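Dumped my_file-v1.tsv below, it's TSV, C-alpha atoms and all ligand atoms:
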chain	number	residue	atom	x	y	z
C	1	MET	CA	97.15	68.25	98.06
C	2	ARG	CA	97.62	68.47	101.79
C	3	ILE	CA	97.23	71.67	103.83
C	4	ALA	CA	98.26	72.16	107.45
C	5	LEU	CA	95.47	74.37	108.78
C	6	ILE	CA	95.96	76.61	111.84
C	7	LYS	CA	92.79	78.59	112.50
C	8	GLY	CA	94.13	80.24	115.68
C	9	ASP	CA	92.21	82.82	117.69
C	10	GLY	CA	89.44	85.39	117.35
C	11	ILE	CA	88.43	86.25	113.81
C	12	GLY	CA	91.29	84.00	112.60
C	13	VAL	CA	88.93	81.04	112.98
C	14	ASP	CA	86.13	82.61	110.92
C	15	VAL	CA	88.28	83.97	108.11
C	16	ALA	CA	90.31	80.73	107.81
C	17	GLU	CA	87.07	78.75	107.44
C	18	ALA	CA	85.84	81.26	104.84
C	19	ALA	CA	89.09	81.04	102.88
C	20	LEU	CA	89.13	77.24	102.85
C	21	ALA	CA	85.51	77.13	101.64
C	22	VAL	CA	86.41	79.48	98.78
C	23	VAL	CA	89.59	77.54	97.91
C	24	GLU	CA	87.52	74.36	97.75
C	25	ALA	CA	84.89	75.98	95.50
C	26	ALA	CA	87.57	77.38	93.17
C	27	LEU	CA	89.24	73.99	92.90
C	28	GLY	CA	85.85	72.43	92.12
C	29	LYS	CA	85.31	75.03	89.41
C	30	VAL	CA	88.49	73.88	87.61
C	31	GLY	CA	87.73	70.18	88.15
C	32	GLN	CA	90.09	69.61	91.07
C	33	GLN	CA	89.47	67.89	94.39
C	34	ALA	CA	89.37	69.71	97.73
C	35	PRO	CA	92.67	69.62	99.65
C	36	ALA	CA	93.07	67.33	102.64
C	37	CYS	CA	93.35	69.53	105.74
C	38	ASP	CA	95.33	68.58	108.83
C	39	GLU	CA	94.07	70.95	111.52
C	40	ILE	CA	96.73	71.97	114.03
C	41	ASN	CA	95.64	73.52	117.34
C	42	ALA	CA	97.56	76.67	118.21
C	43	GLY	CA	97.11	80.12	119.65
C	44	ALA	CA	96.27	81.98	122.82
C	45	GLY	CA	93.09	79.98	123.47
C	46	TYR	CA	94.99	76.70	123.08
C	47	PHE	CA	97.75	78.05	125.36
C	48	SER	CA	95.29	78.91	128.12
C	49	GLU	CA	93.90	75.37	127.99
C	50	THR	CA	97.14	73.40	127.64
C	51	GLY	CA	100.15	75.63	128.46
C	52	LEU	CA	101.39	75.06	124.87
C	53	ASP	CA	101.13	77.70	122.14
C	54	ILE	CA	100.97	75.04	119.38
C	55	GLU	CA	100.63	71.25	119.28
C	56	SER	CA	104.01	69.65	119.99
C	57	ASP	CA	104.14	67.59	116.77
C	58	SER	CA	103.22	70.55	114.56
C	59	GLU	CA	106.58	70.88	112.75
C	60	ALA	CA	106.50	67.25	111.57
C	61	ARG	CA	102.90	67.69	110.41
C	62	ILE	CA	103.79	70.89	108.54
C	63	ASP	CA	106.68	69.01	106.95
C	64	ALA	CA	104.23	66.41	105.71
C	65	ALA	CA	101.93	69.06	104.17
C	66	ASP	CA	102.35	70.97	100.90
C	67	ALA	CA	101.55	74.35	102.51
C	68	VAL	CA	100.28	75.94	105.71
C	69	PHE	CA	97.19	78.13	106.00
C	70	LEU	CA	96.89	80.27	109.12
C	71	GLY	CA	93.97	82.44	110.33
C	72	ALA	CA	95.39	84.66	113.09
C	73	ILE	CA	97.08	84.00	116.42
C	74	GLY	CA	97.18	85.90	119.70
C	75	LEU	CA	94.84	87.60	122.15
C	76	PRO	CA	96.00	90.59	124.22
C	77	SER	CA	94.33	89.14	127.33
C	78	ILE	CA	96.40	85.92	127.25
C	79	ARG	CA	100.18	86.27	127.45
C	80	HIS	CA	103.31	84.45	128.53
C	81	ALA	CA	104.50	85.11	132.10
C	82	ASN	CA	107.04	87.69	130.79
C	83	GLY	CA	104.26	89.72	129.15
C	84	THR	CA	104.97	88.78	125.50
C	85	GLU	CA	102.12	87.69	123.26
C	86	ILE	CA	101.55	84.08	122.21
C	87	SER	CA	103.17	83.84	118.78
C	88	PRO	CA	104.30	80.37	117.63
C	89	HIS	CA	104.09	81.87	114.15
C	90	LEU	CA	107.46	83.62	114.57
C	91	ARG	CA	109.03	80.28	115.48
C	92	LEU	CA	107.48	78.65	112.41
C	93	ARG	CA	109.00	81.41	110.27
C	94	ASP	CA	112.39	80.55	111.74
C	95	ALA	CA	112.00	76.77	111.71
C	96	PHE	CA	110.93	76.69	108.05
C	97	GLY	CA	113.08	79.63	106.90
C	98	LEU	CA	110.08	81.54	105.52
C	99	TYR	CA	112.23	84.40	104.25
C	100	ALA	CA	110.02	85.82	101.48
C	101	GLY	CA	107.05	87.75	102.87
C	102	VAL	CA	104.80	88.62	99.93
C	103	ARG	CA	102.31	91.45	100.57
C	104	PRO	CA	100.18	92.38	97.55
C	105	VAL	CA	98.57	95.83	97.63
C	106	LYS	CA	95.82	96.33	95.06
C	107	ALA	CA	93.04	98.88	94.60
C	108	TYR	CA	89.61	97.42	93.80
C	109	PRO	CA	86.77	99.36	92.20
C	110	ASN	CA	84.21	100.67	94.75
C	111	ALA	CA	86.53	99.81	97.66
C	112	PRO	CA	87.80	102.77	99.70
C	113	GLN	CA	90.63	104.77	98.21
C	114	ARG	CA	92.42	107.04	100.62
C	115	LEU	CA	94.09	109.19	97.95
C	116	ALA	CA	92.08	111.71	95.96
C	117	ASP	CA	94.25	111.39	92.84
C	118	PRO	CA	92.35	109.29	90.24
C	119	ARG	CA	95.51	107.30	89.54
C	120	ALA	CA	94.97	105.67	92.97
C	121	ALA	CA	92.48	103.36	91.22
C	122	SER	CA	95.42	101.73	89.44
C	123	ILE	CA	97.50	100.86	92.53
C	124	ASP	CA	98.70	97.28	92.11
C	125	LEU	CA	102.04	96.50	93.74
C	126	VAL	CA	103.73	93.87	95.87
C	127	ILE	CA	105.90	94.54	98.90
C	128	LEU	CA	108.39	91.75	99.41
C	129	ARG	CA	109.44	91.77	103.04
C	130	GLU	CA	112.32	89.61	104.23
C	131	SER	CA	110.79	87.77	107.17
C	132	THR	CA	113.45	85.89	109.15
C	133	GLU	CA	116.23	88.35	109.94
C	134	GLY	CA	116.74	92.11	109.58
C	135	LEU	CA	115.74	93.93	112.77
C	136	PHE	CA	113.31	91.13	113.67
C	137	TYR	CA	116.37	88.96	114.30
C	138	SER	CA	116.18	90.54	117.76
C	139	ALA	CA	112.44	90.05	118.24
C	140	ALA	CA	111.54	89.42	121.87
C	141	THR	CA	110.54	85.79	121.25
C	142	HIS	CA	114.12	85.01	120.14
C	143	ASN	CA	115.67	86.48	123.28
C	144	ARG	CA	118.54	88.07	121.35
C	145	SER	CA	118.37	91.66	122.60
C	146	LEU	CA	121.53	92.81	124.33
C	147	VAL	CA	120.65	94.32	127.70
C	148	VAL	CA	123.90	96.25	128.28
C	149	THR	CA	122.96	97.83	131.59
C	150	ASP	CA	119.78	98.83	133.37
C	151	ASP	CA	119.91	101.95	131.19
C	152	GLU	CA	120.71	100.55	127.74
C	153	VAL	CA	119.37	97.86	125.42
C	154	GLN	CA	120.65	97.08	121.92
C	155	ASP	CA	118.88	95.16	119.14
C	156	VAL	CA	120.80	93.82	116.17
C	157	LEU	CA	119.81	94.21	112.49
C	158	ARG	CA	121.15	91.11	110.74
C	159	ILE	CA	121.60	90.72	106.98
C	160	THR	CA	123.10	87.47	105.67
C	161	ARG	CA	124.33	86.68	102.19
C	162	SER	CA	122.45	83.38	101.94
C	163	THR	CA	118.99	84.67	102.94
C	164	THR	CA	119.29	88.00	101.12
C	165	THR	CA	120.48	86.38	97.90
C	166	LYS	CA	117.47	84.05	98.01
C	167	LEU	CA	115.18	87.00	98.75
C	168	HIS	CA	116.47	89.07	95.84
C	169	THR	CA	116.31	86.09	93.48
C	170	PHE	CA	112.69	85.57	94.54
C	171	ALA	CA	112.05	89.31	93.94
C	172	PHE	CA	113.50	89.28	90.42
C	173	ASN	CA	111.54	86.15	89.52
C	174	LEU	CA	108.36	87.73	90.89
C	175	ALA	CA	108.94	90.92	88.87
C	176	ARG	CA	109.51	88.84	85.74
C	177	LYS	CA	106.36	86.79	86.39
C	178	ARG	CA	104.29	89.95	86.88
C	179	ARG	CA	105.53	91.34	83.58
C	180	GLU	CA	104.43	88.11	81.88
C	181	ARG	CA	100.99	88.80	83.39
C	182	GLY	CA	100.81	92.31	81.94
C	183	ARG	CA	102.19	94.34	84.84
C	184	PRO	CA	105.23	96.64	84.41
C	185	GLY	CA	107.47	94.13	86.24
C	186	THR	CA	109.83	96.76	87.66
C	187	LEU	CA	111.72	96.01	90.87
C	188	THR	CA	112.74	98.61	93.48
C	189	CYS	CA	115.33	97.89	96.16
C	190	VAL	CA	114.28	99.74	99.33
C	191	ASP	CA	116.99	100.21	101.95
C	192	LYS	CA	119.02	102.75	103.88
C	193	ALA	CA	122.31	101.95	102.17
C	194	ASN	CA	123.54	105.51	102.71
C	195	VAL	CA	123.60	105.09	106.50
C	196	PHE	CA	123.92	101.42	107.53
C	197	THR	CA	126.66	99.00	106.49
C	198	SER	CA	124.18	96.11	106.80
C	199	LEU	CA	121.83	97.77	104.33
C	200	ALA	CA	124.64	98.75	101.95
C	201	PHE	CA	125.36	94.99	101.96
C	202	PHE	CA	121.64	94.35	101.23
C	203	ARG	CA	121.96	96.61	98.15
C	204	GLN	CA	125.29	95.07	97.11
C	205	LEU	CA	123.65	91.63	97.08
C	206	PHE	CA	120.72	93.07	95.08
C	207	ASP	CA	123.20	94.26	92.44
C	208	GLU	CA	124.92	90.87	92.36
C	209	VAL	CA	121.60	89.08	91.71
C	210	LYS	CA	120.53	91.79	89.22
C	211	ASP	CA	123.25	90.72	86.77
C	212	GLY	CA	121.35	87.45	86.21
C	213	PHE	CA	118.10	89.29	85.30
C	214	PRO	CA	119.04	91.87	82.63
C	215	ASP	CA	115.41	91.97	81.43
C	216	VAL	CA	114.03	93.29	84.77
C	217	PRO	CA	114.04	97.11	85.09
C	218	VAL	CA	115.28	98.13	88.55
C	219	GLY	CA	115.17	101.17	90.79
C	220	TYR	CA	116.52	102.12	94.22
C	221	ASN	CA	114.89	104.07	97.02
C	222	TYR	CA	115.84	104.89	100.60
C	223	VAL	CA	113.11	103.78	102.96
C	224	ASP	CA	112.19	107.30	104.10
C	225	ALA	CA	111.80	108.45	100.48
C	226	GLN	CA	109.84	105.27	99.77
C	227	ALA	CA	107.35	106.10	102.54
C	228	LEU	CA	106.87	109.51	100.91
C	229	ASP	CA	106.51	107.98	97.44
C	230	LEU	CA	103.98	105.41	98.60
C	231	VAL	CA	101.71	108.30	99.51
C	232	ARG	CA	102.75	110.60	96.63
C	233	LYS	CA	102.80	108.16	93.70
C	234	PRO	CA	102.18	104.51	94.67
C	235	TRP	CA	100.95	103.80	91.12
C	236	ASP	CA	104.54	104.14	89.90
C	237	PHE	CA	105.71	100.98	91.71
C	238	ASP	CA	105.31	97.30	90.94
C	239	VAL	CA	107.56	95.12	93.16
C	240	LEU	CA	109.46	96.48	96.18
C	241	VAL	CA	112.01	94.36	98.03
C	242	THR	CA	113.11	95.34	101.52
C	243	GLU	CA	114.38	94.45	104.99
C	244	ASN	CA	112.04	92.89	107.57
C	245	MET	CA	111.16	95.92	109.74
C	246	PHE	CA	110.95	98.32	106.80
C	247	GLY	CA	108.62	95.86	105.05
C	248	ASP	CA	106.49	95.49	108.16
C	249	ILE	CA	105.88	99.23	108.31
C	250	LEU	CA	105.59	99.96	104.58
C	251	SER	CA	103.15	97.12	103.96
C	252	ASP	CA	100.71	98.44	106.60
C	253	LEU	CA	101.04	101.93	105.14
C	254	ALA	CA	100.41	100.62	101.63
C	255	GLY	CA	97.55	98.40	102.82
C	256	GLY	CA	95.91	101.52	104.26
C	257	LEU	CA	95.96	103.16	100.81
C	258	VAL	CA	93.60	100.54	99.36
C	259	GLY	CA	91.18	99.91	102.20
C	260	GLY	CA	92.36	98.35	105.42
C	261	MET	CA	93.66	95.23	107.12
C	262	GLY	CA	90.73	93.16	105.88
C	263	MET	CA	92.18	93.35	102.34
C	264	ALA	CA	95.81	92.62	103.30
C	265	ALA	CA	96.75	89.17	101.97
C	266	CYS	CA	100.11	87.62	102.75
C	267	ALA	CA	102.33	84.72	101.78
C	268	GLU	CA	105.53	83.68	103.56
C	269	ILE	CA	107.64	81.45	101.37
C	270	GLY	CA	110.68	79.34	102.24
C	271	ASP	CA	112.69	76.70	100.42
C	272	SER	CA	110.48	73.77	101.39
C	273	THR	CA	107.07	75.21	102.24
C	274	GLY	CA	104.91	78.34	102.27
C	275	LEU	CA	102.64	79.79	104.93
C	276	PHE	CA	99.59	81.79	103.85
C	277	GLN	CA	97.63	84.10	106.10
C	278	PRO	CA	95.81	87.41	106.20
C	279	ALA	CA	98.25	90.09	107.42
C	280	HIS	CA	95.82	91.19	110.13
C	281	GLY	CA	95.60	89.87	113.68
C	282	SER	CA	92.79	88.18	115.61
C	283	ALA	CA	90.87	91.50	115.99
C	284	PRO	CA	89.48	90.80	119.49
C	285	ASP	CA	87.41	94.00	119.29
C	286	ILE	CA	85.11	92.42	116.68
C	287	MET	CA	85.50	88.68	117.26
C	288	GLY	CA	82.37	86.57	117.42
C	289	GLU	CA	80.30	89.31	115.78
C	290	ASP	CA	80.39	88.19	112.12
C	291	LYS	CA	81.86	91.61	111.24
C	292	ALA	CA	85.34	90.65	109.99
C	293	ASN	CA	86.18	91.10	106.35
C	294	PRO	CA	87.34	87.66	105.13
C	295	LEU	CA	88.81	88.94	101.84
C	296	ALA	CA	92.41	89.16	103.09
C	297	ALA	CA	92.19	85.47	104.03
C	298	ILE	CA	90.40	84.57	100.78
C	299	LEU	CA	93.04	86.39	98.68
C	300	SER	CA	95.72	84.59	100.73
C	301	GLY	CA	94.01	81.36	99.68
C	302	ALA	CA	94.55	82.43	96.05
C	303	LEU	CA	98.24	83.11	96.80
C	304	MET	CA	98.45	79.59	98.24
C	305	LEU	CA	96.96	78.02	95.11
C	306	ASP	CA	99.36	80.00	92.92
C	307	TYR	CA	102.29	78.77	95.02
C	308	LEU	CA	101.06	75.17	94.94
C	309	SER	CA	100.58	75.36	91.21
C	310	GLU	CA	104.32	75.94	90.79
C	311	LYS	CA	105.44	73.69	93.61
C	312	LEU	CA	103.37	70.71	92.48
C	313	ASP	CA	103.62	71.61	88.79
C	314	GLN	CA	99.83	71.63	88.38
C	315	PRO	CA	98.68	74.55	86.20
C	316	GLU	CA	95.01	73.91	87.16
C	317	LEU	CA	95.78	75.16	90.65
C	318	GLY	CA	96.92	78.46	89.13
C	319	ASP	CA	93.60	78.56	87.26
C	320	ALA	CA	91.79	78.09	90.58
C	321	ALA	CA	93.77	81.05	91.99
C	322	ASP	CA	92.64	83.13	89.00
C	323	VAL	CA	89.03	82.10	89.68
C	324	ILE	CA	89.28	83.55	93.22
C	325	ASN	CA	91.04	86.74	92.14
C	326	MET	CA	88.49	87.36	89.40
C	327	ALA	CA	85.56	86.69	91.76
C	328	VAL	CA	86.88	89.37	94.14
C	329	GLU	CA	87.53	91.81	91.30
C	330	ALA	CA	84.08	91.19	89.75
C	331	GLY	CA	82.38	91.39	93.14
C	332	PHE	CA	83.76	94.87	93.77
C	333	GLN	CA	83.14	95.91	90.17
C	334	ASP	CA	79.46	94.96	90.43
C	335	ASN	CA	79.19	96.53	93.90
C	336	ALA	CA	78.16	93.09	95.13
C	337	LEU	CA	80.91	93.08	97.78
C	338	ARG	CA	80.21	95.59	100.54
C	339	PRO	CA	82.23	94.56	103.62
C	340	MET	CA	81.24	96.11	106.96
C	341	GLU	CA	84.89	97.06	107.36
C	342	PHE	CA	84.26	99.71	104.69
C	343	GLY	CA	80.90	100.79	106.11
C	344	GLY	CA	78.95	98.26	104.03
C	345	ASP	CA	76.19	95.89	105.08
C	346	MET	CA	78.03	92.57	104.64
C	347	GLY	CA	79.62	90.58	107.44
C	348	THR	CA	82.00	87.64	107.21
C	349	ARG	CA	79.37	85.12	106.13
C	350	ALA	CA	77.68	87.40	103.60
C	351	VAL	CA	80.97	88.34	101.90
C	352	THR	CA	82.01	84.67	101.77
C	353	ASN	CA	78.66	83.58	100.36
C	354	GLN	CA	78.84	86.30	97.72
C	355	ILE	CA	82.25	85.07	96.58
C	356	LEU	CA	81.02	81.47	96.58
C	357	SER	CA	77.99	82.30	94.45
C	358	GLN	CA	80.15	84.41	92.13
C	359	ILE	CA	82.41	81.37	91.64
C	360	GLU	CA	79.51	79.00	91.15
C	361	GLU	CA	77.71	81.17	88.60
C	362	LYS	CA	77.49	79.58	85.20
C	363	ARG	CA	78.59	82.64	83.23
C	364	PRO	CA	82.32	82.99	82.69
C	365	LEU	CA	83.72	85.23	85.42
C	366	ARG	CA	85.58	87.33	82.89
C	367	ALA	CA	82.25	88.48	81.39
C	368	SER	CA	81.42	90.71	84.35
C	369	LEU	CA	84.89	92.29	84.10
C	370	GLY	CA	84.22	93.22	80.52
C	371	ALA	CA	87.38	91.36	79.48
D	401	LIG	P1	98.56	91.82	115.33
D	401	LIG	O1	99.55	92.50	116.20
D	401	LIG	O2	98.33	90.38	115.68
D	401	LIG	O3	98.78	92.05	113.86
D	401	LIG	P2	96.82	93.98	115.94
D	401	LIG	O4	96.41	94.06	117.36
D	401	LIG	O5	97.87	94.90	115.41
D	401	LIG	O6	97.18	92.47	115.61
D	401	LIG	P3	94.48	93.47	114.36
D	401	LIG	O7	94.00	92.31	115.15
D	401	LIG	O8	94.90	93.22	112.97
D	401	LIG	O9	95.61	94.28	115.09
D	401	LIG	O10	93.36	94.59	114.38
D	401	LIG	C1	93.63	95.97	114.12
D	401	LIG	C2	92.34	96.69	113.80
D	401	LIG	O11	91.91	96.31	112.49
D	401	LIG	C3	91.20	96.32	114.74
D	401	LIG	O12	90.39	97.45	114.98
D	401	LIG	C4	90.42	95.28	114.00
D	401	LIG	O13	89.06	95.22	114.33
D	401	LIG	C5	90.63	95.70	112.54
D	401	LIG	N1	90.65	94.52	111.67
D	401	LIG	C6	91.66	93.63	111.55
D	401	LIG	N2	91.34	92.67	110.68
D	401	LIG	C7	90.09	92.97	110.24
D	401	LIG	C8	89.21	92.33	109.32
D	401	LIG	N3	89.54	91.20	108.67
D	401	LIG	N4	88.00	92.90	109.09
D	401	LIG	C9	87.66	94.03	109.72
D	401	LIG	N5	88.44	94.68	110.60
D	401	LIG	C10	89.65	94.15	110.86

The structure in this file should be written as structure tokens.
Ligand code: ATP
Amino acid sequence: MRIALIKGDGIGVDVAEAALAVVEAALGKVGQQAPACDEINAGAGYFSETGLDIESDSEARIDAADAVFLGAIGLPSIRHANGTEISPHLRLRDAFGLYAGVRPVKAYPNAPQRLADPRAASIDLVILRESTEGLFYSAATHNRSLVVTDDEVQDVLRITRSTTTKLHTFAFNLARKRRERGRPGTLTCVDKANVFTSLAFFRQLFDEVKDGFPDVPVGYNYVDAQALDLVRKPWDFDVLVTENMFGDILSDLAGGLVGGMGMAACAEIGDSTGLFQPAHGSAPDIMGEDKANPLAAILSGALMLDYLSEKLDQPELGDAADVINMAVEAGFQDNALRPMEFGGDMGTRAVTNQILSQIEEKRPLRASLGA
């Protein structure tokens, strides 16, 4: 197994190292070797030294790897001459067609819950965010905004049949897979089909794909109502599929319901590869202080193993993903995980070491879950 590793900037470096150590331990636990890592230099720090935001042969090296793991990229103090932030990541999304942005949102015992309703303890959903087009088609790095006059700028929201059909197919398969794992496996199409032709098309394509998955229960929600429902009754949802910008906003909102950015894992999947990263940035306000919560990166490592299990047809890698997920669950259950992000006493290293010792313990991990 070969991983292209981009640690990036700020806390990205620390949490990527933490995640890789945990991935390696989990693989060891199920009798598998550590992955070979090809470390690619990228980010704001690299840009300030070299004038490049990522090594020039990076795409070929990513092609040669089975997956990419990324810490975080960008520092507000280092920018391109036009003021935009250093973000080779957006180009990688485009180059590798990483259309399916997977953002799990799960409540853990003893982790902060922002809603008083006791049902908030059961929040466990996935927001599937299209990640290559939608309103981000016009993102500044692509230079596609239409500057009409000095007084008007237009950005395009692009929905294509090919990408959206792949996205919806991914969503239905994910819902089905979650039902096999004991979740409700319902799928909600989130759009604004009542106002925008592009998003009516998004829904039309959803309905076309739906016909091939009669076993998956579906629902529909306009994005404004979905924002309300994510606060009012997030426990009622399992998989949500949506346009790029809507997904960007809703996934931060949903992440806030179960803690904060330090818990927000993320996968970006395309046809040939997947990129795995915590959804947070480089957090310059806490970098170098051993304060960052590495769990978003560690849970992204589990998403990567799950993906590789299917891609390489190696079920043991899926077992290794389960080992990580159960270690996090058990750690919170036993109150052994107390990240500083939530007012606890454990920094990046302490949280990582706790997960590593949880994985290395002789007793079966399920025992501490009472399962
Ligand atoms: P980007 O635009 O690259 O996503 P950002 O500037 O929006 O980045 P982050 O770098 O994610 O934001 O940081 C937002 C806030 O969340 C900061 O206060 C940061 O310290 C905090 N934060 C982010 N990630 C973590 C983490 N893993 N552990 C603790 N706090 C974090």

As lines of an AutoDock Vina configuration file, please: the centre and edge lengths in Å, to one decimal, of an axis-aligned box enclosing every listed atom of ligand LIG 401 (chain D) with 5 Å added on each side.
center_x = 93.6
center_y = 93.9
center_z = 113.0
size_x = 21.9
size_y = 17.1
size_z = 18.7

*asked:* So, with only C-alpha atoms and all ligand atoms as the atoms that count, which of C:Ala120, C:Val23, C:Leu52, C:Ile11 lies closest to ligand LIG 401 (chain D)?
replied: C:Ile11

*For Ala72 of chain C, list every protein, DNA or RNA residue within 7 Å, evaluated using only C-alpha atoms, and leave out those in the same chain fewer than 2 positions away; present the list as a list of chain:residue names.*
C:Lys7, C:Gly8, C:Asp9, C:Gly12, C:Leu70, C:Gly74, C:Gly281, C:Ser282

*Pick from C:Met263, C:Ile269, C:Ala330, C:Ala60: nearest to ligand LIG 401 (chain D), with all atoms listed in the file counted?*
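Distance minimum relative to ligand LIG 401 (chain D) lands on C:Met263.
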
*Choose the residue, out of C:Asn293, C:Thr186, C:Ser272, C:Gln277, that has the smallest atom-to-atom separation from ligand LIG 401 (chain D); count all atoms listed in the file.*
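Closest to ligand LIG 401 (chain D), using all atoms listed in the file: C:Asn293.
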
*Select the residues contacting ligand LIG 401 (chain D) at a distance of at most 6 Å, based on only C-alpha atoms and all ligand atoms, then format the selection as a PyMOL selection string.*
chain C and resi 261-262+280-283+285-286+292-294+341

_I need the residue nearest Ser162 of chain C from this list: C:Leu308, C:Leu205, C:Ile3, C:Ala42. Use all atoms listed in the file for the distance._
C:Leu205

*asked:* Ranking C:Ile359, C:Leu230, C:Leu5, C:Ala225 by minimum distance to Asn325 of chain C and counting only C-alpha atoms, which one comes first?
replied: C:Ile359

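Closest approach to Phe213 of chain C among C:Val15, C:Ile40, C:Ala171, C:Ile298: C:Ala171, based on only C-alpha atoms.
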